[in-house]
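Novice: So here's model_20.pdb (PDB, C-alpha atoms).
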ATOM      1  CA  ALA I   1     105.178  86.253  80.898  1.00  0.00           C
ATOM      2  CA  GLN I   2     101.436  85.811  81.198  1.00  0.00           C
ATOM      3  CA  SER I   3      99.976  86.789  84.539  1.00  0.00           C
ATOM      4  CA  VAL I   4      96.727  87.646  86.257  1.00  0.00           C
ATOM      5  CA  SER I   5      96.569  89.824  89.361  1.00  0.00           C
ATOM      6  CA  GLN I   6      93.815  90.176  91.900  1.00  0.00           C
ATOM      7  CA  HIS I   7      94.671  92.866  94.397  1.00  0.00           C
ATOM      8  CA  ASN I   8      91.869  92.305  96.890  1.00  0.00           C
ATOM      9  CA  HIS I   9      92.631  89.240  98.967  1.00  0.00           C
ATOM     10  CA  HIS I  10      89.657  89.494 101.292  1.00  0.00           C
ATOM     11  CA  VAL I  11      86.601  91.699 100.919  1.00  0.00           C
ATOM     12  CA  ILE I  12      83.934  92.003 103.592  1.00  0.00           C
ATOM     13  CA  LEU I  13      80.583  93.570 102.730  1.00  0.00           C
ATOM     14  CA  SER I  14      77.143  93.842 104.227  1.00  0.00           C
ATOM     15  CA  GLU I  15      74.163  92.493 102.339  1.00  0.00           C
ATOM     16  CA  ALA I  16      72.842  94.850  99.650  1.00  0.00           C
ATOM     17  CA  ALA I  17      76.216  96.574  99.288  1.00  0.00           C
ATOM     18  CA  SER I  18      77.694  96.899  95.821  1.00  0.00           C
ATOM     19  CA  LEU I  19      80.662  94.781  94.842  1.00  0.00           C
ATOM     20  CA  GLU I  20      83.631  95.373  92.600  1.00  0.00           C
ATOM     21  CA  LEU I  21      86.555  92.956  92.520  1.00  0.00           C
ATOM     22  CA  GLY I  22      89.640  93.964  90.613  1.00  0.00           C
ATOM     23  CA  CYS I  23      91.442  91.856  88.051  1.00  0.00           C
ATOM     24  CA  ASN I  24      94.377  92.904  85.873  1.00  0.00           C
ATOM     25  CA  TYR I  25      96.071  90.765  83.286  1.00  0.00           C
ATOM     26  CA  SER I  26      99.297  90.766  81.368  1.00  0.00           C
ATOM     27  CA  TYR I  27      99.062  88.836  78.118  1.00  0.00           C
ATOM     28  CA  GLY I  28     100.520  89.185  74.655  1.00  0.00           C
ATOM     29  CA  GLY I  29      98.080  88.856  71.786  1.00  0.00           C
ATOM     30  CA  THR I  30      94.496  87.736  72.017  1.00  0.00           C
ATOM     31  CA  VAL I  31      93.218  87.194  75.527  1.00  0.00           C
ATOM     32  CA  ASN I  32      90.136  85.364  76.807  1.00  0.00           C
ATOM     33  CA  LEU I  33      88.993  86.297  80.303  1.00  0.00           C
ATOM     34  CA  PHE I  34      86.960  84.400  82.866  1.00  0.00           C
ATOM     35  CA  TRP I  35      85.632  84.748  86.368  1.00  0.00           C
ATOM     36  CA  TYR I  36      85.135  81.582  88.389  1.00  0.00           C
ATOM     37  CA  VAL I  37      83.533  81.252  91.809  1.00  0.00           C
ATOM     38  CA  GLN I  38      84.192  78.589  94.422  1.00  0.00           C
ATOM     39  CA  TYR I  39      81.576  78.229  97.135  1.00  0.00           C
ATOM     40  CA  PRO I  40      82.729  76.526 100.342  1.00  0.00           C
ATOM     41  CA  GLY I  41      83.280  72.831  99.718  1.00  0.00           C
ATOM     42  CA  GLN I  42      82.369  73.043  96.046  1.00  0.00           C
ATOM     43  CA  HIS I  43      84.154  73.073  92.725  1.00  0.00           C
ATOM     44  CA  LEU I  44      85.101  76.076  90.625  1.00  0.00           C
ATOM     45  CA  GLN I  45      82.091  77.294  88.667  1.00  0.00           C
ATOM     46  CA  LEU I  46      82.139  79.630  85.709  1.00  0.00           C
ATOM     47  CA  LEU I  47      80.458  82.983  86.421  1.00  0.00           C
ATOM     48  CA  LEU I  48      81.122  84.668  83.098  1.00  0.00           C
ATOM     49  CA  LYS I  49      83.550  84.887  80.205  1.00  0.00           C
ATOM     50  CA  TYR I  50      84.782  87.412  77.678  1.00  0.00           C
ATOM     51  CA  PHE I  51      86.165  86.480  74.263  1.00  0.00           C
ATOM     52  CA  SER I  52      85.352  89.424  72.000  1.00  0.00           C
ATOM     53  CA  GLY I  53      82.616  91.921  71.191  1.00  0.00           C
ATOM     54  CA  ASP I  54      80.715  93.873  73.832  1.00  0.00           C
ATOM     55  CA  PRO I  55      83.188  94.593  76.620  1.00  0.00           C
ATOM     56  CA  LEU I  56      80.430  94.466  79.227  1.00  0.00           C
ATOM     57  CA  VAL I  57      79.553  90.835  79.833  1.00  0.00           C
ATOM     58  CA  LYS I  58      76.758  89.529  81.995  1.00  0.00           C
ATOM     59  CA  GLY I  59      77.002  86.275  83.839  1.00  0.00           C
ATOM     60  CA  ILE I  60      74.985  84.168  86.181  1.00  0.00           C
ATOM     61  CA  LYS I  61      73.550  85.267  89.542  1.00  0.00           C
ATOM     62  CA  GLY I  62      73.502  88.959  88.612  1.00  0.00           C
ATOM     63  CA  PHE I  63      77.253  89.318  88.117  1.00  0.00           C
ATOM     64  CA  GLU I  64      78.821  91.324  85.307  1.00  0.00           C
ATOM     65  CA  ALA I  65      82.322  92.267  84.279  1.00  0.00           C
ATOM     66  CA  GLU I  66      83.794  94.938  82.075  1.00  0.00           C
ATOM     67  CA  PHE I  67      86.789  94.405  79.832  1.00  0.00           C
ATOM     68  CA  ILE I  68      88.824  97.623  79.610  1.00  0.00           C
ATOM     69  CA  LYS I  69      91.636  96.975  77.164  1.00  0.00           C
ATOM     70  CA  SER I  70      93.474 100.230  77.869  1.00  0.00           C
ATOM     71  CA  LYS I  71      93.695  99.343  81.545  1.00  0.00           C
ATOM     72  CA  PHE I  72      94.269  95.607  81.052  1.00  0.00           C
ATOM     73  CA  SER I  73      91.423  95.075  83.483  1.00  0.00           C
ATOM     74  CA  PHE I  74      88.409  92.807  83.801  1.00  0.00           C
ATOM     75  CA  ASN I  75      86.709  93.792  87.028  1.00  0.00           C
ATOM     76  CA  LEU I  76      83.778  91.850  88.428  1.00  0.00           C
ATOM     77  CA  ARG I  77      80.727  93.746  89.672  1.00  0.00           C
ATOM     78  CA  LYS I  78      77.416  93.101  91.312  1.00  0.00           C
ATOM     79  CA  PRO I  79      75.074  95.938  92.317  1.00  0.00           C
ATOM     80  CA  SER I  80      73.708  94.263  95.459  1.00  0.00           C
ATOM     81  CA  VAL I  81      75.347  91.274  97.133  1.00  0.00           C
ATOM     82  CA  GLN I  82      73.609  88.590  99.145  1.00  0.00           C
ATOM     83  CA  TRP I  83      74.833  86.417 101.990  1.00  0.00           C
ATOM     84  CA  SER I  84      74.845  83.486  99.544  1.00  0.00           C
ATOM     85  CA  ASP I  85      77.530  85.238  97.476  1.00  0.00           C
ATOM     86  CA  THR I  86      80.079  84.433 100.177  1.00  0.00           C
ATOM     87  CA  ALA I  87      82.741  82.504  98.272  1.00  0.00           C
ATOM     88  CA  GLU I  88      86.171  82.772  96.721  1.00  0.00           C
ATOM     89  CA  TYR I  89      86.330  84.464  93.330  1.00  0.00           C
ATOM     90  CA  PHE I  90      89.029  83.740  90.776  1.00  0.00           C
ATOM     91  CA  CYS I  91      89.875  85.732  87.689  1.00  0.00           C
ATOM     92  CA  ALA I  92      91.547  83.697  84.927  1.00  0.00           C
ATOM     93  CA  ALA I  93      92.842  84.245  81.428  1.00  0.00           C
ATOM     94  CA  SER I  94      93.887  82.215  78.436  1.00  0.00           C
ATOM     95  CA  GLY I  95      95.579  83.172  75.215  1.00  0.00           C
ATOM     96  CA  SER I  96      95.942  81.148  72.040  1.00  0.00           C
ATOM     97  CA  ALA I  97      96.741  78.125  74.184  1.00  0.00           C
ATOM     98  CA  ARG I  98      94.028  76.502  76.233  1.00  0.00           C
ATOM     99  CA  GLN I  99      95.668  76.643  79.611  1.00  0.00           C
ATOM    100  CA  LEU I 100      94.198  79.005  82.158  1.00  0.00           C
ATOM    101  CA  THR I 101      96.317  81.366  84.192  1.00  0.00           C
ATOM    102  CA  PHE I 102      94.610  82.170  87.474  1.00  0.00           C
ATOM    103  CA  GLY I 103      94.791  85.106  89.810  1.00  0.00           C
ATOM    104  CA  SER I 104      95.357  84.475  93.490  1.00  0.00           C
ATOM    105  CA  GLY I 105      91.657  84.697  94.305  1.00  0.00           C
ATOM    106  CA  THR I 106      89.551  87.049  96.411  1.00  0.00           C
ATOM    107  CA  GLN I 107      87.645  85.769  99.399  1.00  0.00           C
ATOM    108  CA  LEU I 108      84.308  87.578  99.638  1.00  0.00           C
ATOM    109  CA  THR I 109      82.466  87.506 102.942  1.00  0.00           C
ATOM    110  CA  VAL I 110      78.952  88.946 102.977  1.00  0.00           C
ATOM    111  CA  LEU I 111      77.578  89.715 106.408  1.00  0.00           C
ATOM    112  CA  PRO I 112      73.828  89.176 106.895  1.00  0.00           C
TER     113      PRO I 112
ATOM    114  CA  GLU D   1      74.063  69.769  84.765  1.00  0.00           C
ATOM    115  CA  PRO D   2      76.836  67.305  83.895  1.00  0.00           C
ATOM    116  CA  GLU D   3      79.813  67.382  86.224  1.00  0.00           C
ATOM    117  CA  VAL D   4      83.452  66.470  86.343  1.00  0.00           C
ATOM    118  CA  THR D   5      83.981  63.959  89.149  1.00  0.00           C
ATOM    119  CA  GLN D   6      87.224  63.296  90.982  1.00  0.00           C
ATOM    120  CA  THR D   7      88.238  60.498  93.310  1.00  0.00           C
ATOM    121  CA  PRO D   8      89.342  60.249  95.996  1.00  0.00           C
ATOM    122  CA  SER D   9      88.422  63.507  97.680  1.00  0.00           C
ATOM    123  CA  HIS D  10      91.407  63.154 100.028  1.00  0.00           C
ATOM    124  CA  GLN D  11      94.512  61.015  99.554  1.00  0.00           C
ATOM    125  CA  VAL D  12      97.191  60.592 102.193  1.00  0.00           C
ATOM    126  CA  THR D  13     100.432  59.013 100.988  1.00  0.00           C
ATOM    127  CA  GLN D  14     103.907  58.410 102.336  1.00  0.00           C
ATOM    128  CA  MET D  15     106.709  60.332 100.659  1.00  0.00           C
ATOM    129  CA  GLY D  16     108.274  58.302  97.862  1.00  0.00           C
ATOM    130  CA  GLN D  17     105.121  56.366  97.106  1.00  0.00           C
ATOM    131  CA  GLU D  18     103.272  56.487  93.824  1.00  0.00           C
ATOM    132  CA  VAL D  19      99.823  58.027  93.738  1.00  0.00           C
ATOM    133  CA  ILE D  20      97.122  58.014  91.075  1.00  0.00           C
ATOM    134  CA  LEU D  21      94.416  60.652  91.057  1.00  0.00           C
ATOM    135  CA  ARG D  22      91.311  59.863  89.060  1.00  0.00           C
ATOM    136  CA  CYS D  23      88.916  62.017  87.119  1.00  0.00           C
ATOM    137  CA  VAL D  24      85.829  61.371  85.039  1.00  0.00           C
ATOM    138  CA  PRO D  25      85.400  64.315  82.643  1.00  0.00           C
ATOM    139  CA  ILE D  26      82.071  65.378  81.197  1.00  0.00           C
ATOM    140  CA  SER D  27      81.131  62.713  78.690  1.00  0.00           C
ATOM    141  CA  ASN D  28      81.145  64.679  75.422  1.00  0.00           C
ATOM    142  CA  HIS D  29      84.239  66.722  76.279  1.00  0.00           C
ATOM    143  CA  LEU D  30      87.478  66.036  74.486  1.00  0.00           C
ATOM    144  CA  TYR D  31      90.013  68.327  76.190  1.00  0.00           C
ATOM    145  CA  PHE D  32      91.184  67.423  79.672  1.00  0.00           C
ATOM    146  CA  TYR D  33      93.332  69.307  82.147  1.00  0.00           C
ATOM    147  CA  TRP D  34      95.004  69.026  85.498  1.00  0.00           C
ATOM    148  CA  TYR D  35      95.679  71.983  87.768  1.00  0.00           C
ATOM    149  CA  ARG D  36      96.966  72.139  91.283  1.00  0.00           C
ATOM    150  CA  GLN D  37      96.725  74.606  94.154  1.00  0.00           C
ATOM    151  CA  ILE D  38      99.255  74.499  96.932  1.00  0.00           C
ATOM    152  CA  LEU D  39      97.775  75.832 100.166  1.00  0.00           C
ATOM    153  CA  GLY D  40      97.788  79.615 100.113  1.00  0.00           C
ATOM    154  CA  GLN D  41      99.001  79.858  96.517  1.00  0.00           C
ATOM    155  CA  LYS D  42      97.461  80.320  93.085  1.00  0.00           C
ATOM    156  CA  VAL D  43      95.802  77.614  91.027  1.00  0.00           C
ATOM    157  CA  GLU D  44      98.529  76.480  88.610  1.00  0.00           C
ATOM    158  CA  PHE D  45      98.210  74.710  85.285  1.00  0.00           C
ATOM    159  CA  LEU D  46      99.917  71.333  85.024  1.00  0.00           C
ATOM    160  CA  VAL D  47      98.923  69.688  81.749  1.00  0.00           C
ATOM    161  CA  SER D  48      96.320  69.496  79.019  1.00  0.00           C
ATOM    162  CA  PHE D  49      95.426  66.387  77.041  1.00  0.00           C
ATOM    163  CA  TYR D  50      93.657  65.874  73.742  1.00  0.00           C
ATOM    164  CA  ASN D  51      93.351  62.999  71.339  1.00  0.00           C
ATOM    165  CA  ASN D  52      95.289  60.666  73.625  1.00  0.00           C
ATOM    166  CA  GLU D  53      98.316  62.857  73.954  1.00  0.00           C
ATOM    167  CA  ILE D  54      99.604  65.790  75.942  1.00  0.00           C
ATOM    168  CA  SER D  55      98.878  69.134  74.209  1.00  0.00           C
ATOM    169  CA  GLU D  56     100.569  71.480  76.645  1.00  0.00           C
ATOM    170  CA  LYS D  57     102.395  71.138  79.914  1.00  0.00           C
ATOM    171  CA  SER D  58     103.915  73.522  82.414  1.00  0.00           C
ATOM    172  CA  GLU D  59     107.346  73.490  83.991  1.00  0.00           C
ATOM    173  CA  ILE D  60     105.809  71.866  87.029  1.00  0.00           C
ATOM    174  CA  PHE D  61     104.861  68.793  84.997  1.00  0.00           C
ATOM    175  CA  ASP D  62     108.237  67.052  85.083  1.00  0.00           C
ATOM    176  CA  ASP D  63     109.148  63.384  84.649  1.00  0.00           C
ATOM    177  CA  GLN D  64     107.555  62.548  87.990  1.00  0.00           C
ATOM    178  CA  PHE D  65     104.136  63.205  86.501  1.00  0.00           C
ATOM    179  CA  SER D  66     102.199  61.366  83.841  1.00  0.00           C
ATOM    180  CA  VAL D  67      98.660  61.389  82.547  1.00  0.00           C
ATOM    181  CA  GLU D  68      96.606  58.697  80.932  1.00  0.00           C
ATOM    182  CA  ARG D  69      93.169  58.029  79.578  1.00  0.00           C
ATOM    183  CA  PRO D  70      93.037  54.303  80.254  1.00  0.00           C
ATOM    184  CA  ASP D  71      89.491  53.856  78.979  1.00  0.00           C
ATOM    185  CA  GLY D  72      86.675  55.899  77.479  1.00  0.00           C
ATOM    186  CA  SER D  73      85.739  57.664  80.671  1.00  0.00           C
ATOM    187  CA  ASN D  74      88.655  58.045  83.112  1.00  0.00           C
ATOM    188  CA  PHE D  75      91.521  60.523  83.011  1.00  0.00           C
ATOM    189  CA  THR D  76      94.288  59.947  85.529  1.00  0.00           C
ATOM    190  CA  LEU D  77      97.237  61.850  86.929  1.00  0.00           C
ATOM    191  CA  LYS D  78     100.074  59.734  88.275  1.00  0.00           C
ATOM    192  CA  ILE D  79     102.841  61.026  90.480  1.00  0.00           C
ATOM    193  CA  ARG D  80     105.620  58.472  90.414  1.00  0.00           C
ATOM    194  CA  SER D  81     107.566  59.159  93.603  1.00  0.00           C
ATOM    195  CA  THR D  82     105.821  61.733  95.717  1.00  0.00           C
ATOM    196  CA  LYS D  83     107.614  64.539  97.513  1.00  0.00           C
ATOM    197  CA  LEU D  84     106.462  66.671 100.414  1.00  0.00           C
ATOM    198  CA  GLU D  85     106.033  69.616  98.068  1.00  0.00           C
ATOM    199  CA  ASP D  86     103.489  67.676  96.013  1.00  0.00           C
ATOM    200  CA  SER D  87     100.969  68.238  98.808  1.00  0.00           C
ATOM    201  CA  ALA D  88      98.221  70.309  97.214  1.00  0.00           C
ATOM    202  CA  MET D  89      94.669  70.290  95.933  1.00  0.00           C
ATOM    203  CA  TYR D  90      94.576  68.801  92.456  1.00  0.00           C
ATOM    204  CA  PHE D  91      91.784  69.844  90.119  1.00  0.00           C
ATOM    205  CA  CYS D  92      90.709  68.096  86.969  1.00  0.00           C
ATOM    206  CA  ALA D  93      88.868  70.020  84.259  1.00  0.00           C
ATOM    207  CA  SER D  94      87.405  69.315  80.860  1.00  0.00           C
ATOM    208  CA  SER D  95      86.165  71.378  77.944  1.00  0.00           C
ATOM    209  CA  ASP D  96      84.277  70.813  74.745  1.00  0.00           C
ATOM    210  CA  ILE D  97      85.821  70.905  71.304  1.00  0.00           C
ATOM    211  CA  GLN D  98      85.512  74.029  69.233  1.00  0.00           C
ATOM    212  CA  SER D  99      87.349  75.664  66.381  1.00  0.00           C
ATOM    213  CA  ARG D 100      88.930  78.024  68.898  1.00  0.00           C
ATOM    214  CA  PRO D 101      89.557  75.761  71.884  1.00  0.00           C
ATOM    215  CA  SER D 102      90.815  78.573  74.063  1.00  0.00           C
ATOM    216  CA  ASN D 103      87.317  80.093  73.949  1.00  0.00           C
ATOM    217  CA  GLN D 104      85.665  77.111  75.499  1.00  0.00           C
ATOM    218  CA  PRO D 105      85.300  77.391  79.258  1.00  0.00           C
ATOM    219  CA  GLN D 106      86.690  74.632  81.381  1.00  0.00           C
ATOM    220  CA  HIS D 107      84.488  72.742  83.806  1.00  0.00           C
ATOM    221  CA  PHE D 108      86.175  71.768  87.051  1.00  0.00           C
ATOM    222  CA  GLY D 109      85.837  68.879  89.461  1.00  0.00           C
ATOM    223  CA  ASP D 110      85.739  69.245  93.251  1.00  0.00           C
ATOM    224  CA  GLY D 111      89.425  68.426  93.550  1.00  0.00           C
ATOM    225  CA  THR D 112      91.502  65.818  95.350  1.00  0.00           C
ATOM    226  CA  ARG D 113      93.400  66.959  98.397  1.00  0.00           C
ATOM    227  CA  LEU D 114      96.759  65.182  98.331  1.00  0.00           C
ATOM    228  CA  SER D 115      98.704  65.077 101.583  1.00  0.00           C
ATOM    229  CA  ILE D 116     102.243  63.712 101.531  1.00  0.00           C
ATOM    230  CA  LEU D 117     103.651  62.587 104.867  1.00  0.00           C
TER     231      LEU D 117
END
Would you kindly transcribe this structure into structure tokens?
Specialist:
Amino acid sequence: AQSVSQHNHHVILSEAASLELGCNYSYGGTVNLFWYVQYPGQHLQLLLKYFSGDPLVKGIKGFEAEFIKSKFSFNLRKPSVQWSDTAEYFCAASGSARQLTFGSGTQLTVLP
Amino acid sequence: EPEVTQTPSHQVTQMGQEVILRCVPISNHLYFYWYRQILGQKVEFLVSFYNNEISEKSEIFDDQFSVERPDGSNFTLKIRSTKLEDSAMYFCASSDIQSRPSNQPQHFGDGTRLSIL
């Protein structure tokens, strides 16, 4: 069965700290990977996506993620977080079908 | 930036009543989706819709649920006889058409919070 796991439920960091949020997936065949962010009171917004090619993908707002096939991982990173990065972060995957399978989300709180 | 819009933002309904959740996808998008998130749980796929018919649906999307594109702009989710366990946030999404549709990211609305009493 297809699944996406996010092991960090709540991460608290101080401003300027580095961030890494874990995401592991279990999918047969081709997989497309996404990170979405949901700021308080707003809709899910796409941060970045991986389909093929360079396993290191760069997204908006200084975020990047690395696809490591051998580890079935697609971790999200940012070298220096800001207070405005406080949000919930969702990893998601799709295969040959269009439907997204989401992880449970990670709430990031950045302290000023 | 074009957005997916959903109405209402919050719907309160008595158990057993019918409810219709409305979505206006991005205008040039052709794939439409509904997801839901029960409080404290994952976002779950319900159904996808293309070319006026359902493309995929999950086990959750049983006979109680239906979707429709009644005109050129709206995309609706109907729950025929609501149950307490239908209480959740319902998200609509849309994506553009491409040769590999699964590559195209989905754009989400703000969601409708459905509360069943």
Novice: Could you state which residues are captured by the ChimeraX specification (/D :<9) & /I in this file, as a ChimeraX atom specification?
Specialist: /I:32,34,41-46,49-51,94-105
Novice: As an exercise, work out the distance from CA of Phe61 in chain D to CA of Leu39 in chain D in Å and give it to one decimal place.
Specialist: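 Taking CA of Phe61 in chain D as the start and CA of Leu39 in chain D as the end point, the length is 18.2 Å.
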Novice: Applied to the shown file, which residues does the PyMOL selection byres ((chain I and resi 8) around 7) return, written as a PyMOL selection string?
Specialist: chain I and resi 6-7+9-11+21-22+106
Novice: Pick from I:Leu48, I:Gly28, I:Ala1, I:Gln107: nearest to Ala92 in chain I, with only C-alpha atoms counted?
Specialist: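 For Ala92 in chain I, the nearest of the candidates is I:Leu48.
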Novice: Return as AutoDock Vina command-line options the centre and edge lengths, in Å with one decimal, of the box along x, y and z that encloses every atom of range 3-17 of chain D in the file, padded by 4 Å per side.
Specialist:
--center_x 94.0 --center_y 61.9 --center_z 94.3 --size_x 36.5 --size_y 19.0 --size_z 24.1
Novice: To verify the selection step, state as a PyMOL selection string which residues the PyMOL selection byres ((chain I and resi 60) around 12) yields on this input.
Specialist: chain I and resi 35-37+45-49+57-59+61-65+76-78+85
Novice: So that I can check the surroundings of Ile79 in chain D, please list as a ChimeraX atom specification every protein, DNA and RNA residue that reaches within 7 Å of it, counting all atoms listed in the file and ignoring chain neighbours fewer than 2 positions away.
Specialist: /D:18-20,64-66,77,81-82
Novice: Out of I:Ser84, I:Ser52, I:Gln38, I:Asn75, which residue has the shortest atom-to-atom distance to Tyr25 in chain I when counting all atoms listed in the file?
Specialist: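 Using all atoms listed in the file, the shortest distance to Tyr25 in chain I belongs to I:Asn75.
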